[in-house]
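Just upload25.cif here, mmCIF, C-alpha atoms:
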data_structure
loop_
_atom_site.label_atom_id
_atom_site.label_comp_id
_atom_site.auth_asym_id
_atom_site.auth_seq_id
_atom_site.Cartn_x
_atom_site.Cartn_y
_atom_site.Cartn_z
CA MET A 953 19.40 6.41 -5.62
CA PHE A 954 17.23 8.58 -7.82
CA PRO A 955 18.02 12.25 -8.26
CA ALA A 956 15.18 14.41 -6.94
CA ARG A 957 13.90 15.26 -10.41
CA LEU A 958 13.66 11.57 -11.37
CA ARG A 959 12.27 10.12 -8.18
CA PRO A 960 8.76 8.79 -8.73
CA TYR A 961 5.90 9.40 -6.37
CA ASP A 962 6.09 6.78 -3.60
CA PRO A 963 2.97 6.27 -1.48
CA ASP A 964 4.97 4.15 1.01
CA GLN A 965 7.25 7.03 1.98
CA PRO A 966 6.78 7.62 5.73
CA ASP A 967 4.97 10.80 6.66
CA GLY A 968 3.74 12.30 9.95
CA ALA A 969 1.10 9.60 10.40
CA GLY A 970 3.71 6.89 9.75
CA ARG A 971 5.87 8.19 12.60
CA ILE A 972 2.95 8.17 15.05
CA ALA A 973 1.79 4.66 14.13
CA PRO A 974 4.16 2.73 16.49
CA ALA A 975 2.59 4.47 19.50
CA VAL A 976 -0.99 3.59 18.55
CA PRO A 977 -1.01 0.04 20.06
CA VAL A 978 0.24 1.40 23.39
CA ILE A 979 -2.41 4.14 23.32
CA ILE A 980 -5.12 1.54 22.67
CA ILE A 981 -3.98 -0.67 25.55
CA CYS A 982 -3.90 2.34 27.89
CA GLY A 983 -7.37 3.31 26.69
CA VAL A 984 -8.77 -0.15 27.39
CA ALA A 985 -7.21 -0.10 30.87
CA LEU A 986 -8.77 3.30 31.53
CA LEU A 987 -12.22 2.08 30.42
CA ALA A 988 -11.93 -0.99 32.63
CA LEU A 989 -11.06 1.09 35.68
CA VAL A 990 -13.76 3.69 35.07
CA THR A 991 -16.55 1.14 34.47
CA ALA A 992 -15.31 -1.29 37.15
CA GLN A 993 -15.76 -4.19 34.70
CA GLY A 994 -12.21 -5.39 34.15
CA LEU A 995 -12.79 -8.75 32.47
CA ALA A 996 -15.43 -7.38 30.10
CA TRP A 997 -12.82 -5.24 28.33
CA LEU A 998 -9.99 -7.78 28.23
CA PRO A 999 -10.64 -9.03 24.62
CA LEU A 1000 -10.07 -5.48 23.32
CA LEU A 1001 -6.45 -5.68 24.49
CA ALA A 1002 -5.79 -7.99 21.50
CA VAL A 1003 -6.18 -4.97 19.19
CA GLY A 1004 -2.79 -3.67 20.36
CA PRO A 1005 -0.55 -6.54 19.13
CA ALA A 1006 -2.72 -6.97 16.03
CA LEU A 1007 -2.01 -3.36 15.00
CA ALA A 1008 1.66 -3.63 15.96
CA ALA A 1009 2.14 -6.36 13.34
CA ALA A 1010 1.47 -3.78 10.61
CA HIS A 1011 4.60 -1.71 11.33
CA SER A 1012 6.76 -3.42 13.98
CA GLY A 1013 9.04 -6.43 13.84
CA PRO A 1014 8.39 -9.71 15.66
CA TYR A 1015 10.17 -8.54 18.84
CA GLY A 1016 8.17 -5.32 18.85
CA VAL A 1017 4.93 -7.30 18.55
CA ILE A 1018 6.00 -9.58 21.41
CA ARG A 1019 6.67 -6.54 23.62
CA ILE A 1020 3.21 -5.13 22.86
CA GLY A 1021 1.70 -8.58 23.51
CA VAL A 1022 3.46 -8.87 26.89
CA LEU A 1023 2.20 -5.38 27.79
CA ALA A 1024 -1.36 -6.34 26.81
CA VAL A 1025 -1.28 -9.57 28.87
CA ALA A 1026 0.28 -7.77 31.85
CA VAL A 1027 -2.38 -5.06 31.78
CA GLY A 1028 -5.07 -7.75 31.46
CA ALA A 1029 -3.70 -9.66 34.44
CA LEU A 1030 -3.64 -6.48 36.49
CA LEU A 1031 -7.23 -5.70 35.58
CA GLY A 1032 -8.27 -9.25 36.43
CA THR A 1033 -7.10 -8.79 40.00
CA GLN A 1034 -9.61 -5.98 40.45
CA GLY A 1035 -12.60 -8.36 40.18
CA ASP A 1036 -13.88 -11.46 41.91
CA GLU A 1037 -13.77 -13.81 38.89
CA PRO A 1038 -12.07 -17.20 39.33
CA VAL A 1039 -8.47 -17.58 38.21
CA ARG A 1040 -9.53 -20.04 35.51
CA THR A 1041 -11.90 -17.49 34.00
CA GLN A 1042 -9.20 -14.84 34.07
CA ALA A 1043 -6.74 -17.19 32.34
CA ILE A 1044 -9.24 -17.98 29.59
CA MET A 1045 -9.88 -14.27 29.02
CA LEU A 1046 -6.14 -13.51 28.93
CA ALA A 1047 -5.61 -16.25 26.38
CA THR A 1048 -7.23 -14.03 23.73
CA PRO A 1049 -4.60 -11.23 23.68
CA ALA A 1050 -1.83 -13.81 24.16
CA ALA A 1051 -2.96 -15.89 21.15
CA VAL A 1052 -3.44 -12.79 18.98
CA ALA A 1053 0.04 -11.59 19.97
CA LEU A 1054 1.62 -14.90 18.89
CA ALA A 1055 -0.29 -14.91 15.59
CA SER A 1056 0.62 -11.25 14.97
CA CYS A 1057 4.27 -12.09 15.63
CA GLY A 1058 4.19 -14.64 12.81
CA ALA A 1059 2.39 -12.17 10.53
CA SER A 1060 5.01 -9.53 11.30
CA ALA A 1061 7.85 -11.92 10.41
CA LEU A 1062 6.14 -12.75 7.10
CA ARG A 1063 5.61 -9.05 6.36
CA ARG A 1064 9.28 -8.31 7.06
CA ARG A 1065 10.36 -11.05 4.67
CA ARG A 1066 8.10 -9.70 1.93
CA GLU A 1067 9.42 -6.18 2.53
CA GLN A 1068 12.96 -7.44 2.05
CA VAL A 1069 11.98 -9.08 -1.24
CA LEU A 1070 10.27 -5.87 -2.36
CA ALA A 1071 13.34 -3.83 -1.39
CA ALA A 1072 15.52 -6.13 -3.50
CA VAL A 1073 13.15 -5.78 -6.45
CA ARG A 1074 13.14 -2.01 -6.07
CA SER A 1075 16.93 -1.86 -6.00
CA VAL A 1076 17.04 -3.82 -9.25
CA ALA A 1077 14.38 -1.50 -10.68
CA GLU A 1078 16.45 1.53 -9.70
CA ALA A 1079 19.49 0.08 -11.45
CA ALA A 1080 17.35 -0.62 -14.53
CA GLN A 1081 15.94 2.91 -14.37
CA ASN A 1082 19.38 4.50 -14.18
CA ALA A 1083 20.57 2.37 -17.09
CA LEU A 1084 17.45 3.01 -19.17
CA LEU A 1085 16.84 6.69 -18.40
CA THR A 1086 20.30 8.09 -17.78
CA PRO A 1087 20.03 11.11 -15.44
CA VAL A 1088 20.22 14.31 -17.49
CA PRO A 1089 22.62 16.97 -16.15
CA ALA A 1090 21.40 20.50 -15.50
CA ARG A 1091 23.38 21.73 -18.50
CA VAL A 1092 23.97 19.96 -21.81
CA GLY A 1093 26.08 21.82 -24.32
CA GLN A 1094 24.82 25.39 -24.42
CA PHE A 1095 21.39 24.52 -23.00
CA GLN A 1096 19.84 24.49 -19.56
CA VAL A 1097 17.89 21.25 -19.06
CA ALA A 1098 15.42 19.86 -16.55
CA VAL A 1099 13.54 16.54 -16.47
CA ARG A 1100 10.61 15.28 -14.42
CA TYR A 1101 9.53 11.66 -14.63
CA SER A 1102 6.79 9.83 -12.71
CA ALA A 1103 6.07 6.14 -13.19
CA ALA A 1104 2.47 5.13 -12.58
CA ALA A 1105 3.68 1.87 -10.99
CA ALA A 1106 5.45 3.43 -8.01
CA GLU A 1107 6.51 0.01 -6.71
CA ALA A 1108 8.26 -0.83 -9.98
CA ARG A 1109 9.72 2.67 -10.48
CA VAL A 1110 10.00 2.11 -14.23
CA GLY A 1111 7.54 2.63 -17.05
CA GLY A 1112 7.06 2.93 -20.78
CA ASP A 1113 7.89 6.63 -21.19
CA LEU A 1114 11.35 7.41 -22.50
CA TYR A 1115 13.65 10.39 -22.95
CA ALA A 1116 17.28 11.05 -23.75
CA LEU A 1117 19.37 14.15 -24.45
CA LEU A 1118 23.00 14.14 -25.51
CA PRO A 1119 25.58 16.31 -27.27
CA THR A 1120 26.74 14.92 -30.62
CA PRO A 1121 29.03 16.03 -33.46
CA HIS A 1122 25.85 17.23 -35.17
CA GLY A 1123 24.62 19.34 -32.26
CA VAL A 1124 22.54 18.56 -29.20
CA ARG A 1125 19.89 15.93 -29.94
CA LEU A 1126 17.03 14.62 -27.85
CA ILE A 1127 14.05 12.28 -27.91
CA VAL A 1128 10.89 12.05 -25.82
CA GLY A 1129 8.53 9.16 -26.46
CA ASP A 1130 5.76 6.97 -25.15
CA VAL A 1131 5.57 3.21 -25.68
CA ARG A 1132 2.17 1.64 -26.17
CA GLY A 1133 1.25 -0.54 -23.21
CA LYS A 1134 2.73 -0.96 -19.74
CA GLY A 1135 4.87 -3.35 -17.76
CA LEU A 1136 8.01 -5.20 -18.78
CA PRO A 1137 7.19 -5.32 -22.54
CA ALA A 1138 6.93 -1.51 -22.59
CA VAL A 1139 10.20 -1.16 -20.66
CA SER A 1140 11.92 -3.51 -23.11
CA THR A 1141 10.70 -1.50 -26.10
CA ALA A 1142 11.78 1.77 -24.46
CA ALA A 1143 15.27 0.34 -23.91
CA LEU A 1144 15.43 -0.68 -27.58
CA VAL A 1145 14.41 2.78 -28.81
CA LEU A 1146 16.87 4.58 -26.55
CA GLY A 1147 19.73 2.28 -27.50
CA VAL A 1148 19.20 2.85 -31.22
CA PHE A 1149 18.72 6.61 -30.74
CA ARG A 1150 21.95 7.04 -28.75
CA GLU A 1151 23.88 5.20 -31.44
CA ALA A 1152 22.24 6.84 -34.46
CA ALA A 1153 22.35 10.35 -32.99
CA TYR A 1154 26.14 10.23 -33.16
CA ASP A 1155 26.41 8.51 -36.54
CA GLU A 1156 23.74 10.16 -38.70
CA PRO A 1157 24.18 13.80 -39.80
CA ASP A 1158 20.53 14.01 -40.89
CA LEU A 1159 17.88 13.88 -38.17
CA LEU A 1160 15.49 12.03 -40.50
CA ASP A 1161 18.08 9.27 -40.85
CA VAL A 1162 18.13 8.92 -37.05
CA VAL A 1163 14.36 8.40 -37.09
CA ALA A 1164 14.67 5.95 -40.01
CA ARG A 1165 17.15 3.78 -38.06
CA ILE A 1166 14.79 3.64 -35.09
CA GLU A 1167 11.93 2.69 -37.41
CA ARG A 1168 13.93 -0.13 -39.01
CA SER A 1169 14.92 -1.54 -35.64
CA LEU A 1170 11.34 -1.44 -34.36
CA SER A 1171 9.97 -3.07 -37.50
CA ARG A 1172 12.21 -6.08 -36.83
CA ASN A 1173 11.51 -6.38 -33.10
CA LEU A 1174 7.99 -5.15 -32.36
CA ALA A 1175 4.72 -7.06 -32.49
CA PRO A 1176 2.36 -5.92 -35.28
CA ASP A 1177 0.09 -3.97 -32.89
CA ASP A 1178 2.87 -2.28 -30.90
CA PHE A 1179 4.22 1.20 -31.60
CA VAL A 1180 6.01 4.18 -30.06
CA THR A 1181 4.99 7.81 -30.34
CA ALA A 1182 7.98 10.15 -30.20
CA VAL A 1183 9.41 13.57 -30.92
CA VAL A 1184 13.04 13.65 -32.03
CA ALA A 1185 14.71 17.07 -31.95
CA GLY A 1186 18.11 18.49 -32.81
CA TYR A 1187 19.94 21.82 -32.69
CA PRO A 1188 22.35 21.63 -35.63
CA SER A 1189 23.19 25.34 -35.94
CA GLU A 1190 22.64 28.62 -34.20
CA GLY A 1191 19.09 29.87 -34.07
CA ARG A 1192 17.25 26.83 -35.45
CA MET A 1193 15.69 23.76 -33.90
CA GLU A 1194 14.78 20.69 -35.98
CA LEU A 1195 11.79 18.54 -35.01
CA VAL A 1196 10.48 15.21 -36.27
CA ASN A 1197 7.10 14.32 -34.79
CA CYS A 1198 5.97 10.70 -35.08
CA GLY A 1199 2.42 10.66 -33.76
CA HIS A 1200 3.35 12.37 -30.51
CA ALA A 1201 1.87 15.31 -28.61
CA PRO A 1202 3.14 18.62 -30.05
CA PRO A 1203 6.01 20.28 -28.13
CA LEU A 1204 5.43 23.70 -26.61
CA LEU A 1205 7.70 26.50 -27.80
CA VAL A 1206 8.13 29.32 -25.29
CA GLY A 1207 9.39 32.54 -26.86
CA GLU A 1208 9.00 36.29 -26.82
CA THR A 1209 5.67 36.05 -28.65
CA GLY A 1210 4.19 33.65 -26.11
CA ILE A 1211 3.67 29.90 -25.91
CA ILE A 1212 2.64 27.94 -28.98
CA ALA A 1213 2.11 24.25 -29.65
CA VAL A 1214 4.35 23.19 -32.54
CA GLU A 1215 1.93 21.07 -34.56
CA PRO A 1216 3.57 18.90 -37.25
CA THR A 1217 3.17 20.32 -40.74
CA ARG A 1218 2.71 16.79 -42.08
CA PRO A 1219 1.46 14.33 -39.43
CA ALA A 1220 3.31 11.01 -39.49
CA PRO A 1221 2.35 7.68 -37.90
CA PRO A 1222 4.05 6.48 -34.70
CA LEU A 1223 7.32 4.61 -34.91
CA GLY A 1224 6.80 0.95 -35.75
CA LEU A 1225 3.78 1.55 -37.99
CA ALA A 1226 5.52 2.77 -41.15
CA SER A 1227 4.82 -0.54 -42.87
CA LEU A 1228 1.10 0.19 -42.66
CA GLY A 1229 1.49 3.19 -44.96
CA GLY A 1230 0.64 6.84 -44.39
CA GLU A 1231 2.83 9.92 -44.44
CA LEU A 1232 6.56 9.57 -43.94
CA PRO A 1233 8.12 11.58 -41.09
CA SER A 1234 9.00 15.12 -42.15
CA LEU A 1235 11.60 17.55 -40.85
CA GLN A 1236 10.20 20.71 -39.29
CA VAL A 1237 12.46 23.69 -38.58
CA VAL A 1238 11.48 26.32 -36.00
CA PRO A 1239 13.45 29.37 -34.86
CA PHE A 1240 15.07 28.97 -31.46
CA ALA A 1241 16.78 32.09 -30.16
CA GLU A 1242 18.39 33.00 -26.85
CA GLY A 1243 15.87 32.89 -24.04
CA ASP A 1244 13.56 30.49 -25.89
CA GLN A 1245 12.43 27.25 -24.24
CA LEU A 1246 11.09 23.97 -25.61
CA LEU A 1247 8.86 21.75 -23.48
CA LEU A 1248 8.39 18.11 -24.51
CA TYR A 1249 6.06 15.80 -22.64
CA THR A 1250 4.20 12.49 -22.87
CA ASP A 1251 0.50 11.64 -22.96
CA GLY A 1252 0.47 10.92 -19.24
CA VAL A 1253 0.68 14.67 -18.62
CA ILE A 1254 -2.12 15.96 -20.86
CA GLU A 1255 -4.36 12.95 -20.25
CA ALA A 1256 -4.17 13.19 -16.45
CA ARG A 1257 -7.70 13.71 -15.10
CA ASP A 1258 -9.08 15.15 -11.89
CA ARG A 1259 -12.08 13.87 -9.97
CA GLY A 1260 -14.39 15.60 -12.42
CA ARG A 1261 -12.72 13.71 -15.31
CA GLU A 1262 -11.24 16.95 -16.66
CA TYR A 1263 -7.89 16.71 -18.46
CA PHE A 1264 -4.88 18.64 -17.22
CA PRO A 1265 -4.75 21.90 -19.28
CA LEU A 1266 -1.00 22.00 -19.85
CA LEU A 1267 -1.01 24.86 -22.35
CA GLU A 1268 -2.97 27.03 -19.89
CA ARG A 1269 -0.86 26.13 -16.85
CA VAL A 1270 2.64 26.54 -18.31
CA PRO A 1271 2.54 30.39 -18.31
CA ARG A 1272 1.98 30.35 -14.53
CA HIS A 1273 5.24 28.54 -13.86
CA ILE A 1274 7.63 29.49 -16.66
CA CYS A 1275 10.85 31.17 -15.48
CA ASP A 1276 14.55 31.30 -16.32
CA GLU A 1277 15.31 28.16 -14.27
CA PRO A 1278 14.00 25.01 -16.04
CA SER A 1279 14.29 22.89 -12.89
CA ARG A 1280 12.14 25.31 -10.90
CA THR A 1281 9.63 25.54 -13.75
CA LEU A 1282 9.16 21.77 -13.96
CA ALA A 1283 9.09 21.35 -10.18
CA SER A 1284 6.14 23.72 -9.79
CA LEU A 1285 4.42 22.41 -12.92
CA HIS A 1286 4.80 18.80 -11.72
CA ASP A 1287 3.43 19.72 -8.29
CA GLU A 1288 0.35 21.25 -9.92
CA LEU A 1289 -0.07 18.13 -12.06
CA LEU A 1290 -0.07 15.92 -8.96
CA SER A 1291 -2.49 18.27 -7.26
CA HIS A 1292 -4.78 18.06 -10.30
CA VAL A 1293 -4.99 14.26 -10.13
CA GLY A 1294 -5.23 14.09 -6.35
CA GLY A 1295 -1.68 13.01 -5.53
CA ARG A 1296 -0.97 10.03 -7.77
CA LEU A 1297 -0.79 9.60 -11.54
CA HIS A 1298 -2.47 6.66 -13.23
CA ASP A 1299 -0.16 6.71 -16.25
CA ASP A 1300 3.55 7.28 -16.77
CA ALA A 1301 4.37 10.96 -17.26
CA ALA A 1302 7.56 12.65 -18.43
CA LEU A 1303 8.44 16.32 -18.86
CA LEU A 1304 11.64 17.64 -20.46
CA LEU A 1305 12.38 21.37 -20.66
CA LEU A 1306 15.19 22.81 -22.77
CA ARG A 1307 16.24 26.47 -22.51
CA LYS A 1308 18.77 28.50 -24.47
CA PRO A 1309 20.18 30.97 -21.95
CA VAL A 1310 20.73 34.61 -22.80
CA LEU A 1311 24.50 34.87 -22.95
CA GLY A 1312 24.55 38.62 -22.49
CA ALA A 1313 22.54 38.33 -19.29
CA VAL A 1314 24.90 35.63 -18.03
CA ARG A 1315 27.95 37.79 -18.69
CA ARG A 1316 26.38 40.79 -16.95
CA ALA A 1317 25.53 38.61 -13.94
CA VAL A 1318 29.15 37.42 -13.78
CA ASP A 1319 30.56 40.93 -14.08
CA VAL A 1320 28.46 42.31 -11.21
CA PRO A 1321 30.35 41.81 -7.92
CA SER A 1322 28.44 39.89 -5.25
CA ALA A 1323 27.35 41.63 -2.07
#
Let me see whether you can do it: turn the structure in this file into structure tokens.
Amino acid sequence: MFPARLRPYDPDQPDGAGRIAPAVPVIIICGVALLALVTAQGLAWLPLLAVGPALAAAHSGPYGVIRIGVLAVAVGALLGTQGDEPVRTQAIMLATPAAVALASCGASALRRRREQVLAAVRSVAEAAQNALLTPVPARVGQFQVAVRYSAAAAEARVGGDLYALLPTPHGVRLIVGDVRGKGLPAVSTAALVLGVFREAAYDEPDLLDVVARIERSLSRNLAPDDFVTAVVAGYPSEGRMELVNCGHAPPLLVGETGIIAVEPTRPAPPLGLASLGGELPSLQVVPFAEGDQLLLYTDGVIEARDRGREYFPLLERVPRHICDEPSRTLASLHDELLSHVGGRLHDDAALLLLRKPVLGAVRRAVDVPSA
């Protein structure tokens, strides 16, 4: 199953209303019976009893629908005895809830079968997700790390955004990227990029050579109009962070002086478009001291819109949530993002936060005896 920080938003997750739903058909049948008794017109209300089994088919199995159908027919028969209508007329009126119950039973069986197929597809998607986006531990090397990922296609649970972070002989290295397009082609391209990155990050001492290997692989495998925007980062030595930005949104550097967007000094095209010309990727070095944090994200975050079509102001919202715990920072920031869009994203969105803890503060915390 997904760790909490990787679990996408799922609109099918049962909530309070979902737990009350099984009782609704019974409430409707009781309501119809009450109306029939109050108005003294039993047969006139009998067709409404069919609403009970029809609603039961939406959430109950075939046997549950049959039970609701039997209840509806029994209540109808009881109401029929209160009037003077002939038995034949009563039977014809009771045939309506009985027929609807049988049809709803078949619909319920078909729905159950489709749910089983969907569950199997989701389990495969979860396995693909875990293989593609390996869960990132809370600590990698000397860094605290947190990740939040939301796929726009909640049923598929996978998307075209990608990220990876791993310790290497050349320091901790990471990538956050966004594949053009959606669906299986985007997932396939993301898997290709991550596979090449994980291999090159170990082999290549120079971060630019890592990017060059990804570019060569994409040039052989991508269609002419496909590309990947990405930021590749590395921490080769104490106090310095290396960044290579290939057409991606600028990372946010959180330090003592505030929060700044690290714009590339020499903008480069996205990965896969080097053959079209333009600037080659350049290496950018920024200071990264104890207590500093680096937030990388994809376009799905800053391009998320509310009902007024306003973009999510990430740079303005980060200061509200930043703290010494990256997981707590991203949790509150992700909640505000979902609130901004009204509960569900329309594009894949990924957030990765890296923090260099203050070692002195950690030692002092360890030395202080607990209460």
Taking the point (6.6, -9.0, 21.4) as given in the file, collect each protein or nucleic acid residue that comes within 12 Å of it, counting only C-alpha atoms, and present the set as a PDB file with C-alpha atoms, in the frame of the given file.
ATOM      1  CA  PRO A 977      -1.010   0.040  20.060  1.00  0.00           C
ATOM      2  CA  GLY A1004      -2.790  -3.670  20.360  1.00  0.00           C
ATOM      3  CA  PRO A1005      -0.550  -6.540  19.130  1.00  0.00           C
ATOM      4  CA  ALA A1006      -2.720  -6.970  16.030  1.00  0.00           C
ATOM      5  CA  ALA A1008       1.660  -3.630  15.960  1.00  0.00           C
ATOM      6  CA  ALA A1009       2.140  -6.360  13.340  1.00  0.00           C
ATOM      7  CA  SER A1012       6.760  -3.420  13.980  1.00  0.00           C
ATOM      8  CA  GLY A1013       9.040  -6.430  13.840  1.00  0.00           C
ATOM      9  CA  PRO A1014       8.390  -9.710  15.660  1.00  0.00           C
ATOM     10  CA  TYR A1015      10.170  -8.540  18.840  1.00  0.00           C
ATOM     11  CA  GLY A1016       8.170  -5.320  18.850  1.00  0.00           C
ATOM     12  CA  VAL A1017       4.930  -7.300  18.550  1.00  0.00           C
ATOM     13  CA  ILE A1018       6.000  -9.580  21.410  1.00  0.00           C
ATOM     14  CA  ARG A1019       6.670  -6.540  23.620  1.00  0.00           C
ATOM     15  CA  ILE A1020       3.210  -5.130  22.860  1.00  0.00           C
ATOM     16  CA  GLY A1021       1.700  -8.580  23.510  1.00  0.00           C
ATOM     17  CA  VAL A1022       3.460  -8.870  26.890  1.00  0.00           C
ATOM     18  CA  LEU A1023       2.200  -5.380  27.790  1.00  0.00           C
ATOM     19  CA  ALA A1024      -1.360  -6.340  26.810  1.00  0.00           C
ATOM     20  CA  VAL A1025      -1.280  -9.570  28.870  1.00  0.00           C
ATOM     21  CA  PRO A1049      -4.600 -11.230  23.680  1.00  0.00           C
ATOM     22  CA  ALA A1050      -1.830 -13.810  24.160  1.00  0.00           C
ATOM     23  CA  ALA A1051      -2.960 -15.890  21.150  1.00  0.00           C
ATOM     24  CA  VAL A1052      -3.440 -12.790  18.980  1.00  0.00           C
ATOM     25  CA  ALA A1053       0.040 -11.590  19.970  1.00  0.00           C
ATOM     26  CA  LEU A1054       1.620 -14.900  18.890  1.00  0.00           C
ATOM     27  CA  ALA A1055      -0.290 -14.910  15.590  1.00  0.00           C
ATOM     28  CA  SER A1056       0.620 -11.250  14.970  1.00  0.00           C
ATOM     29  CA  CYS A1057       4.270 -12.090  15.630  1.00  0.00           C
ATOM     30  CA  GLY A1058       4.190 -14.640  12.810  1.00  0.00           C
ATOM     31  CA  SER A1060       5.010  -9.530  11.300  1.00  0.00           C
ATOM     32  CA  ALA A1061       7.850 -11.920  10.410  1.00  0.00           C
TER      33      ALA A1061
END
- Task: Specify as a PyMOL selection string each residue included when the PyMOL selection byres ((chain A and resi 1243) around 7) is applied to this file.
- Result: chain A and resi 1241-1242+1244-1245+1307-1310
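If all atoms listed in the file are the atoms counted, then among A:Cys1275, A:Val1097, A:Ala1142, A:Leu1228 the closest residue to Tyr1115 in chain A is A:Ala1142.
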- Message: Running the PyMOL selection byres ((chain A and resi 1210-1214) around 10) on this model by hand, what would come out? Give it as a PyMOL selection string.
- Response: chain A and resi 1195+1197+1201-1209+1215-1217+1236+1238+1244-1247+1267-1268+1270-1271
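Counting only C-alpha atoms, the residue from A:Leu1031, A:Ala975, A:Val1183, A:Leu1084 that sits nearest to Leu987 in chain A is A:Leu1031.
Distances from A:Ala1098, A:Leu1136, A:Ala1103, A:Val1145 to Asp1299 in chain A were compared using all atoms listed in the file, and the smallest one belongs to A:Ala1103.
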- Message: Can you pull out the residues contacting Ile1044 in chain A? Cut-off 12 Å, using only C-alpha atoms, and skip same-chain residues under 6 positions away; I want them as a PyMOL selection string.
- Response: chain A and resi 995+998-999+1025+1028-1029+1032+1037-1038+1050-1051
- Message: Just checking: using all atoms listed in the file, which residue out of A:Glu1231, A:Asp1258, A:Glu1194, A:Asp1113 ends up closest to Arg1125 in chain A?
- Response: A:Glu1194
Could you write out as a short mmCIF file (atom, residue, chain, number, x, y, z; two decimals) with C-alpha atoms, in the coordinates of the input the residues that the PyMOL selection byres ((chain A and resi 1251) around 12) matches in the shown file?
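Written out: result32.cif:
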data_model
loop_
_atom_site.label_atom_id
_atom_site.label_comp_id
_atom_site.auth_asym_id
_atom_site.auth_seq_id
_atom_site.Cartn_x
_atom_site.Cartn_y
_atom_site.Cartn_z
CA GLY A 1112 7.06 2.93 -20.78
CA ASP A 1113 7.89 6.63 -21.19
CA LEU A 1114 11.35 7.41 -22.50
CA VAL A 1128 10.89 12.05 -25.82
CA GLY A 1129 8.53 9.16 -26.46
CA ASP A 1130 5.76 6.97 -25.15
CA VAL A 1131 5.57 3.21 -25.68
CA ARG A 1132 2.17 1.64 -26.17
CA VAL A 1180 6.01 4.18 -30.06
CA THR A 1181 4.99 7.81 -30.34
CA ALA A 1182 7.98 10.15 -30.20
CA GLY A 1199 2.42 10.66 -33.76
CA HIS A 1200 3.35 12.37 -30.51
CA ALA A 1201 1.87 15.31 -28.61
CA PRO A 1202 3.14 18.62 -30.05
CA PRO A 1203 6.01 20.28 -28.13
CA LEU A 1248 8.39 18.11 -24.51
CA TYR A 1249 6.06 15.80 -22.64
CA THR A 1250 4.20 12.49 -22.87
CA GLY A 1252 0.47 10.92 -19.24
CA VAL A 1253 0.68 14.67 -18.62
CA ILE A 1254 -2.12 15.96 -20.86
CA GLU A 1255 -4.36 12.95 -20.25
CA ALA A 1256 -4.17 13.19 -16.45
CA ARG A 1257 -7.70 13.71 -15.10
CA TYR A 1263 -7.89 16.71 -18.46
CA PHE A 1264 -4.88 18.64 -17.22
CA LEU A 1266 -1.00 22.00 -19.85
CA LEU A 1297 -0.79 9.60 -11.54
CA HIS A 1298 -2.47 6.66 -13.23
CA ASP A 1299 -0.16 6.71 -16.25
CA ASP A 1300 3.55 7.28 -16.77
CA ALA A 1301 4.37 10.96 -17.26
CA ALA A 1302 7.56 12.65 -18.43
CA LEU A 1303 8.44 16.32 -18.86
#
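Straight-line separation from CA of Val1069 in chain A to CA of Leu1144 in chain A: 27.9 Å.
Note that the spacing between CA of Val1139 in chain A and CA of Ser1279 in chain A amounts to 25.6 Å.
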- Could you tell me, as a PyMOL selection string, which residues have any atom at most 12 Å from (18.7, 19.9, -34.1), counting all atoms listed in the file? chain A and resi 1117-1127+1153+1156-1160+1162+1183-1196+1235-1240
- Task: Could you please determine the separation between CA of Arg1296 in chain A and CA of Ser1284 in chain A in Å, to one decimal place?
- Result: 15.6 Å
- Task: May I have the residues within 12 Å of range 1259-1261 of chain A as a PyMOL selection string, using all atoms listed in the file and disregarding those fewer than 5 positions away in the same chain?
- Result: chain A and resi 1291-1296
Dump C-alpha atoms for the selected residues as a PDB file, in the frame of the given file?
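Final file, result.pdb:
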ATOM      1  CA  SER A1291      -2.490  18.270  -7.260  1.00  0.00           C
ATOM      2  CA  HIS A1292      -4.780  18.060 -10.300  1.00  0.00           C
ATOM      3  CA  VAL A1293      -4.990  14.260 -10.130  1.00  0.00           C
ATOM      4  CA  GLY A1294      -5.230  14.090  -6.350  1.00  0.00           C
ATOM      5  CA  GLY A1295      -1.680  13.010  -5.530  1.00  0.00           C
ATOM      6  CA  ARG A1296      -0.970  10.030  -7.770  1.00  0.00           C
TER       7      ARG A1296
END
